[in-house]
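Chemist: For reference, the file start-v3.pdb (PDB, C-alpha atoms) is included below:
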```pdb
ATOM      1  CA  MET A  12      57.485 133.964 180.485
ATOM      2  CA  SER A  13      56.571 137.561 179.694
ATOM      3  CA  GLU A  14      54.131 139.141 182.123
ATOM      4  CA  GLN A  15      52.215 140.770 179.278
ATOM      5  CA  THR A  16      51.738 137.931 176.794
ATOM      6  CA  LEU A  17      51.582 134.158 176.429
ATOM      7  CA  THR A  18      52.618 132.675 173.080
ATOM      8  CA  LEU A  19      51.606 129.116 172.204
ATOM      9  CA  THR A  20      51.975 126.859 169.187
ATOM     10  CA  VAL A  21      48.722 125.155 168.197
ATOM     11  CA  ALA A  22      48.666 122.431 165.550
ATOM     12  CA  TYR A  23      45.525 122.230 163.448
ATOM     13  CA  GLY A  24      45.826 119.457 160.882
ATOM     14  CA  SER A  25      49.187 119.926 159.141
ATOM     15  CA  VAL A  26      49.332 123.652 159.941
ATOM     16  CA  LYS A  27      50.929 125.102 163.061
ATOM     17  CA  HIS A  28      49.564 128.399 164.361
ATOM     18  CA  SER A  29      51.481 130.694 166.691
ATOM     19  CA  VAL A  30      48.944 132.344 169.008
ATOM     20  CA  THR A  31      49.816 135.227 171.341
ATOM     21  CA  LEU A  32      47.402 136.067 174.155
ATOM     22  CA  LYS A  33      47.420 139.047 176.511
ATOM     23  CA  CYS A  34      47.834 138.476 180.230
ATOM     24  CA  GLN A  35      45.772 141.145 182.001
ATOM     25  CA  ASP A  36      47.540 142.267 185.218
ATOM     26  CA  GLY A  37      49.690 139.140 185.129
ATOM     27  CA  GLN A  38      46.578 136.926 185.162
ATOM     28  CA  SER A  39      46.461 133.868 182.952
ATOM     29  CA  PRO A  40      44.293 133.970 179.815
ATOM     30  CA  THR A  41      41.373 131.554 179.910
ATOM     31  CA  VAL A  42      40.533 128.614 177.659
ATOM     32  CA  ARG A  43      37.860 130.877 176.127
ATOM     33  CA  ASP A  44      40.483 133.526 175.265
ATOM     34  CA  LEU A  45      42.529 130.902 173.438
ATOM     35  CA  ALA A  46      39.457 129.445 171.692
ATOM     36  CA  GLU A  47      38.397 132.881 170.406
ATOM     37  CA  ALA A  48      41.905 133.611 169.097
ATOM     38  CA  LEU A  49      41.952 130.241 167.338
ATOM     39  CA  ALA A  50      38.510 130.851 165.826
ATOM     40  CA  GLU A  51      39.972 133.967 164.158
ATOM     41  CA  ALA A  52      43.114 132.121 163.035
ATOM     42  CA  THR A  53      41.559 128.880 161.785
ATOM     43  CA  GLY A  54      37.873 129.522 161.056
ATOM     44  CA  VAL A  55      36.892 126.767 163.519
ATOM     45  CA  HIS A  56      34.126 128.199 165.694
ATOM     46  CA  THR A  57      34.664 128.060 169.463
ATOM     47  CA  THR A  58      31.717 125.662 169.876
ATOM     48  CA  ALA A  59      33.255 123.247 167.339
ATOM     49  CA  GLN A  60      36.728 123.256 168.906
ATOM     50  CA  LYS A  61      38.399 120.530 170.926
ATOM     51  CA  LEU A  62      41.649 121.739 172.480
ATOM     52  CA  ILE A  63      44.127 119.106 173.624
ATOM     53  CA  PHE A  64      47.234 119.597 175.782
ATOM     54  CA  LYS A  65      49.387 116.624 176.797
ATOM     55  CA  GLY A  66      46.574 114.228 175.887
ATOM     56  CA  LYS A  67      43.962 116.048 177.982
ATOM     57  CA  SER A  68      41.014 118.030 176.645
ATOM     58  CA  LEU A  69      40.536 121.596 177.889
ATOM     59  CA  LYS A  70      36.826 121.507 178.681
ATOM     60  CA  ASP A  71      36.074 124.463 180.967
ATOM     61  CA  PRO A  72      36.096 127.714 178.932
ATOM     62  CA  GLU A  73      36.455 129.859 182.077
ATOM     63  CA  GLU A  74      39.432 127.894 183.432
ATOM     64  CA  SER A  75      42.831 129.601 183.263
ATOM     65  CA  LEU A  76      45.463 128.156 180.940
ATOM     66  CA  PHE A  77      48.042 128.273 183.747
ATOM     67  CA  SER A  78      45.907 125.891 185.804
ATOM     68  CA  TYR A  79      46.393 123.275 183.066
ATOM     69  CA  GLY A  80      50.168 123.790 183.308
ATOM     70  CA  ILE A  81      50.255 125.689 180.016
ATOM     71  CA  LYS A  82      53.219 128.068 179.835
ATOM     72  CA  GLU A  83      55.069 130.208 177.297
ATOM     73  CA  GLY A  84      56.041 128.193 174.207
ATOM     74  CA  CYS A  85      53.840 125.168 174.981
ATOM     75  CA  LYS A  86      52.513 123.089 172.091
ATOM     76  CA  MET A  87      48.879 122.076 171.771
ATOM     77  CA  MET A  88      46.470 120.492 169.311
ATOM     78  CA  LEU A  89      43.160 121.719 167.916
ATOM     79  CA  ILE A  90      40.528 119.368 166.503
ATOM     80  CA  GLY A  91      37.351 120.657 164.874
ATOM     81  CA  LYS A  92      35.582 121.326 161.611
ATOM     82  CA  ARG A  93      35.915 124.817 160.194
ATOM     83  CA  ASN A  94      33.116 126.690 158.481
ATOM     84  CA  SER A  95      32.563 126.306 154.755
ATOM     85  CA  PRO A  96      34.199 128.955 152.505
ATOM     86  CA  GLU A  97      30.672 130.289 151.793
ATOM     87  CA  GLU A  98      29.922 130.764 155.495
ATOM     88  CA  GLU A  99      33.367 132.279 156.086
ATOM     89  CA  ALA A 100      32.614 134.845 153.365
ATOM     90  CA  GLU A 101      29.372 135.816 155.141
ATOM     91  CA  LEU A 102      31.170 135.922 158.490
ATOM     92  CA  LYS A 103      33.731 138.307 156.997
ATOM     93  CA  LYS A 104      30.882 140.612 155.899
ATOM     94  CA  LEU A 105      29.511 140.504 159.442
ATOM     95  CA  ARG A 106      32.947 141.254 160.925
ATOM     96  CA  ASP A 107      33.239 144.276 158.602
ATOM     97  CA  ILE A 108      29.798 145.475 159.739
ATOM     98  CA  GLU A 109      30.920 144.944 163.350
ATOM     99  CA  LYS A 110      33.893 147.274 162.748
ATOM    100  CA  SER A 111      31.514 149.946 161.429
ATOM    101  CA  VAL A 112      29.349 149.573 164.545
ATOM    102  CA  ASP A 113      32.450 149.898 166.750
ATOM    103  CA  GLN A 114      33.410 153.145 164.989
ATOM    104  CA  LEU A 115      29.908 154.551 165.529
ATOM    105  CA  ALA A 116      30.084 153.511 169.186
ATOM    106  CA  LYS A 117      33.278 155.575 169.577
ATOM    107  CA  LYS A 118      31.555 158.596 167.994
ATOM    108  CA  LEU A 119      28.672 158.273 170.461
ATOM    109  CA  GLU A 120      31.165 158.040 173.342
ATOM    110  CA  HIS A 121      32.693 161.303 172.106
ATOM    111  CA  VAL A 122      29.272 162.981 171.915
ATOM    112  CA  ASP A 123      28.471 161.760 175.434
ATOM    113  CA  GLY A 124      31.738 163.201 176.742
ATOM    114  CA  GLU A 125      31.190 166.565 175.033
ATOM    115  CA  LEU A 126      27.630 166.744 176.352
ATOM    116  CA  THR A 127      28.783 165.997 179.898
ATOM    117  CA  GLY A 128      31.338 168.783 179.555
ATOM    118  CA  ILE A 129      28.635 171.264 178.521
ATOM    119  CA  LYS A 130      26.380 170.166 181.396
ATOM    120  CA  ASN A 131      29.257 170.714 183.821
ATOM    121  CA  GLY A 132      29.871 174.218 182.480
ATOM    122  CA  PHE A 133      33.215 173.508 180.793
ATOM    123  CA  LEU A 134      32.177 175.490 177.713
ATOM    124  CA  GLY A 135      31.421 179.205 177.488
ATOM    125  CA  LYS A 136      27.706 180.013 177.416
ATOM    126  CA  ASP A 137      28.087 181.844 174.089
ATOM    127  CA  LEU A 138      29.406 178.634 172.490
ATOM    128  CA  GLN A 139      26.981 176.126 173.992
ATOM    129  CA  VAL A 140      24.104 176.456 171.495
ATOM    130  CA  GLU A 141      26.382 176.000 168.476
ATOM    131  CA  SER A 142      28.172 173.062 170.105
ATOM    132  CA  LEU A 143      24.884 171.377 171.058
ATOM    133  CA  GLY A 144      23.659 171.799 167.487
ATOM    134  CA  LYS A 145      26.762 170.017 166.176
ATOM    135  CA  LEU A 146      26.352 167.206 168.709
ATOM    136  CA  ASP A 147      22.693 166.813 167.758
ATOM    137  CA  ASN A 148      23.685 166.543 164.098
ATOM    138  CA  SER A 149      26.342 163.914 164.946
ATOM    139  CA  VAL A 150      23.746 161.809 166.786
ATOM    140  CA  LYS A 151      21.259 162.102 163.884
ATOM    141  CA  VAL A 152      23.942 160.976 161.398
ATOM    142  CA  ALA A 153      24.875 158.041 163.675
ATOM    143  CA  THR A 154      21.186 157.067 163.981
ATOM    144  CA  GLU A 155      20.823 157.081 160.195
ATOM    145  CA  GLN A 156      23.938 154.915 159.754
ATOM    146  CA  LEU A 157      22.786 152.467 162.431
ATOM    147  CA  MET A 158      19.384 152.159 160.733
ATOM    148  CA  LYS A 159      21.149 151.373 157.432
ATOM    149  CA  ILE A 160      23.230 148.709 159.173
ATOM    150  CA  LEU A 161      20.046 147.136 160.559
ATOM    151  CA  GLU A 162      18.577 147.053 157.046
ATOM    152  CA  GLN A 163      21.818 145.511 155.778
ATOM    153  CA  LEU A 164      21.675 142.784 158.423
ATOM    154  CA  ASP A 165      18.008 142.129 157.703
ATOM    155  CA  ALA A 166      18.684 141.815 153.982
ATOM    156  CA  MET A 167      21.335 139.103 154.440
ATOM    157  CA  SER A 168      20.017 135.767 153.207
ATOM    158  CA  LEU A 169      21.597 133.017 155.298
ATOM    159  CA  PRO A 170      20.998 129.265 154.853
ATOM    160  CA  ASP A 171      19.709 127.393 157.920
ATOM    161  CA  ASN A 172      23.031 125.575 158.407
ATOM    162  CA  PHE A 173      24.992 128.858 158.732
ATOM    163  CA  ARG A 174      24.564 128.764 162.505
ATOM    164  CA  ASP A 175      27.642 130.873 163.321
ATOM    165  CA  CYS A 176      26.495 133.584 160.921
ATOM    166  CA  LYS A 177      22.973 133.576 162.312
ATOM    167  CA  LEU A 178      24.267 133.894 165.881
ATOM    168  CA  LYS A 179      26.640 136.713 164.957
ATOM    169  CA  ARG A 180      23.949 138.541 162.987
ATOM    170  CA  ARG A 181      21.501 138.282 165.904
ATOM    171  CA  GLY A 182      24.128 139.573 168.340
ATOM    172  CA  LEU A 183      25.002 142.469 166.028
ATOM    173  CA  ALA A 184      21.345 143.379 165.521
ATOM    174  CA  ASN A 185      20.848 143.490 169.316
ATOM    175  CA  THR A 186      23.942 145.681 169.697
ATOM    176  CA  VAL A 187      22.698 148.083 167.008
ATOM    177  CA  GLN A 188      19.283 148.276 168.713
ATOM    178  CA  ASP A 189      21.020 149.159 171.997
ATOM    179  CA  PHE A 190      22.984 151.932 170.290
ATOM    180  CA  LEU A 191      19.836 153.281 168.646
ATOM    181  CA  ALA A 192      18.236 153.506 172.098
ATOM    182  CA  ARG A 193      21.343 155.354 173.278
ATOM    183  CA  CYS A 194      20.997 157.770 170.350
ATOM    184  CA  ASP A 195      17.414 158.507 171.430
ATOM    185  CA  LYS A 196      18.590 159.272 174.982
ATOM    186  CA  LEU A 197      21.394 161.515 173.727
ATOM    187  CA  GLU A 198      19.014 163.431 171.441
ATOM    188  CA  ALA A 199      16.576 163.923 174.322
ATOM    189  CA  SER A 200      19.394 165.102 176.601
ATOM    190  CA  ILE A 201      20.698 167.559 173.966
ATOM    191  CA  SER A 202      17.178 168.883 173.389
ATOM    192  CA  TYR A 203      16.730 169.358 177.156
ATOM    193  CA  GLN A 204      20.010 171.295 177.418
ATOM    194  CA  LEU A 205      18.951 173.557 174.553
ATOM    195  CA  SER A 206      15.575 174.222 176.203
ATOM    196  CA  LEU A 207      17.361 175.147 179.453
ATOM    197  CA  ILE A 208      19.557 177.660 177.627
ATOM    198  CA  GLN A 209      16.546 179.130 175.810
ATOM    199  CA  SER A 210      14.628 179.449 179.119
ATOM    200  CA  LYS A 211      17.573 181.289 180.703
ATOM    201  CA  ASN A 212      17.893 183.587 177.693
ATOM    202  CA  LEU A 213      14.157 184.429 177.857
ATOM    203  CA  ALA A 214      14.411 185.094 181.584
ATOM    204  CA  LEU A 215      17.360 187.456 180.992
ATOM    205  CA  ALA A 216      15.473 189.230 178.184
ATOM    206  CA  ASP A 217      12.547 189.869 180.543
TER     207      ASP A 217
END
```
Go ahead and express the file in the form of structure tokens.
Modeler:
Amino acid sequence: MSEQTLTLTVAYGSVKHSVTLKCQDGQSPTVRDLAEALAEATGVHTTAQKLIFKGKSLKDPEESLFSYGIKEGCKMMLIGKRNSPEEEAELKKLRDIEKSVDQLAKKLEHVDGELTGIKNGFLGKDLQVESLGKLDNSVKVATEQLMKILEQLDAMSLPDNFRDCKLKRRGLANTVQDFLARCDKLEASISYQLSLIQSKNLALAD
């Protein structure tokens, strides 16, 4: 077996899915890791899945696959009802929104890194004001995009039985709220750095 991956064949109905999981530091993937990969491949939500290996059900999501004797190339069975095509379509919209949120998160990480660099004096004093202005603009743009995403999530009309969609939407909304709070902190930190520079400039002018 490769140290980096574990590939399994999982039968769902008449279809066989080949699933490859990463082994972090040689550690076995968990039942949850497999369930999440199968949710992507089959549309059967993790909570609706029943995974069977050699006649036994894998019940503990945190248990390692190796502990069940599951090795490279093993064959398993998945039982469970997948979401309706309508719910899958809404889930796809939510996954697309999630990708947008991830991209914005990376931009905020970049801003955070640049700001830390300025605080630590890694940028010439003559360039700091311009750089801080650009960072402030980046945060404002990210805030605006995150607000639009929140509106988009709020505008989604989901039937009561679309439980997976409702859970995913709630989780995404919470994530967006967290990032908006981070934007506020970044803006405040940028503003503080600018005020420090202005204070120093005034002191030098005197």
Chemist: Exactly which residues make up the result of the PyMOL selection byres ((chain A and resi 65-76) around 10) on this file, given as a CSV table (one decimal) with C-alpha atoms, in the frame of the given file?
Modeler:
```
chain,number,residue,atom,x,y,z
A,17,LEU,CA,51.6,134.2,176.4
A,38,GLN,CA,46.6,136.9,185.2
A,39,SER,CA,46.5,133.9,183.0
A,40,PRO,CA,44.3,134.0,179.8
A,41,THR,CA,41.4,131.6,179.9
A,42,VAL,CA,40.5,128.6,177.7
A,43,ARG,CA,37.9,130.9,176.1
A,44,ASP,CA,40.5,133.5,175.3
A,45,LEU,CA,42.5,130.9,173.4
A,46,ALA,CA,39.5,129.4,171.7
A,57,THR,CA,34.7,128.1,169.5
A,60,GLN,CA,36.7,123.3,168.9
A,61,LYS,CA,38.4,120.5,170.9
A,62,LEU,CA,41.6,121.7,172.5
A,63,ILE,CA,44.1,119.1,173.6
A,64,PHE,CA,47.2,119.6,175.8
A,77,PHE,CA,48.0,128.3,183.7
A,78,SER,CA,45.9,125.9,185.8
A,79,TYR,CA,46.4,123.3,183.1
A,80,GLY,CA,50.2,123.8,183.3
A,81,ILE,CA,50.3,125.7,180.0
A,82,LYS,CA,53.2,128.1,179.8
A,85,CYS,CA,53.8,125.2,175.0
A,86,LYS,CA,52.5,123.1,172.1
A,87,MET,CA,48.9,122.1,171.8
A,88,MET,CA,46.5,120.5,169.3
A,89,LEU,CA,43.2,121.7,167.9
```
Chemist: Written as a ChimeraX atom specification, what is the full residue list that the PyMOL selection byres ((chain A and resi 128-132) around 12) yields on the file shown?
Modeler: /A:121-127,133-143,146,200-201,203-205,207-208
Chemist: Would you compute the distance between CA of Lys103 (chain A) and CA of Asp195 (chain A)? Give it in Å to one decimal.
Modeler: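 That distance, rounded to one decimal, is 29.7 Å.
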Chemist: Considering only C-alpha atoms, can you say which of A:Leu19, A:Leu178, A:Leu102, A:Ala116 comes closest to Ala153 (chain A)?
Modeler: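 The shortest atom-to-atom distance to Ala153 (chain A) comes from A:Ala116.
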Chemist: Can you spell out as an MDAnalysis selection string the set of residues that the PyMOL selection byres ((chain A and resi 93-101) around 9) selects in the structure I just provided?
Modeler: chainID A and resid 50 53:56 59:60 91:92 102:106 167 169 173 175:176
Chemist: I need the residues from that last selection saved to file as a JSON list (two decimals), in the frame of the given file (with C-alpha atoms), if you can.
Modeler:
```json
[["chain", "number", "residue", "atom", "x", "y", "z"],
["A", 50, "ALA", "CA", 38.51, 130.85, 165.83],
["A", 53, "THR", "CA", 41.56, 128.88, 161.78],
["A", 54, "GLY", "CA", 37.87, 129.52, 161.06],
["A", 55, "VAL", "CA", 36.89, 126.77, 163.52],
["A", 56, "HIS", "CA", 34.13, 128.20, 165.69],
["A", 59, "ALA", "CA", 33.26, 123.25, 167.34],
["A", 60, "GLN", "CA", 36.73, 123.26, 168.91],
["A", 91, "GLY", "CA", 37.35, 120.66, 164.87],
["A", 92, "LYS", "CA", 35.58, 121.33, 161.61],
["A", 102, "LEU", "CA", 31.17, 135.92, 158.49],
["A", 103, "LYS", "CA", 33.73, 138.31, 157.00],
["A", 104, "LYS", "CA", 30.88, 140.61, 155.90],
["A", 105, "LEU", "CA", 29.51, 140.50, 159.44],
["A", 106, "ARG", "CA", 32.95, 141.25, 160.93],
["A", 167, "MET", "CA", 21.34, 139.10, 154.44],
["A", 169, "LEU", "CA", 21.60, 133.02, 155.30],
["A", 173, "PHE", "CA", 24.99, 128.86, 158.73],
["A", 175, "ASP", "CA", 27.64, 130.87, 163.32],
["A", 176, "CYS", "CA", 26.50, 133.58, 160.92]]
```
Chemist: Please, what is the axis-aligned box for every listed atom of region 112-120 of chain A with 5 Å on each side, as centre and edge lengths in Å to one decimal, as lines of an AutoDock Vina configuration file?
Modeler:
```
center_x = 31.0
center_y = 154.1
center_z = 168.9
size_x = 14.7
size_y = 19.0
size_z = 18.8
```
Chemist: Pick out the closest residue to Thr58 (chain A) from this set: A:Arg174, A:His28, A:Arg180, A:Lys196. Count only C-alpha atoms.
Modeler: A:Arg174
Chemist: Against region 109-112 of chain A, which residues of region 146-209 of chain A fall within 8 Å? For each one I want the closest pair of atoms and the distance in Å (one decimal), counting all atoms listed in the file, rows by chain and increasing residue number, as JSON lines.
Modeler:
```
{"residue": "A:Leu157", "atom": "CA", "partner": "A:Val112", "partner_atom": "CA", "distance": 7.5}
{"residue": "A:Leu183", "atom": "CA", "partner": "A:Glu109", "partner_atom": "CA", "distance": 7.0}
{"residue": "A:Val187", "atom": "CA", "partner": "A:Val112", "partner_atom": "CA", "distance": 7.2}
```
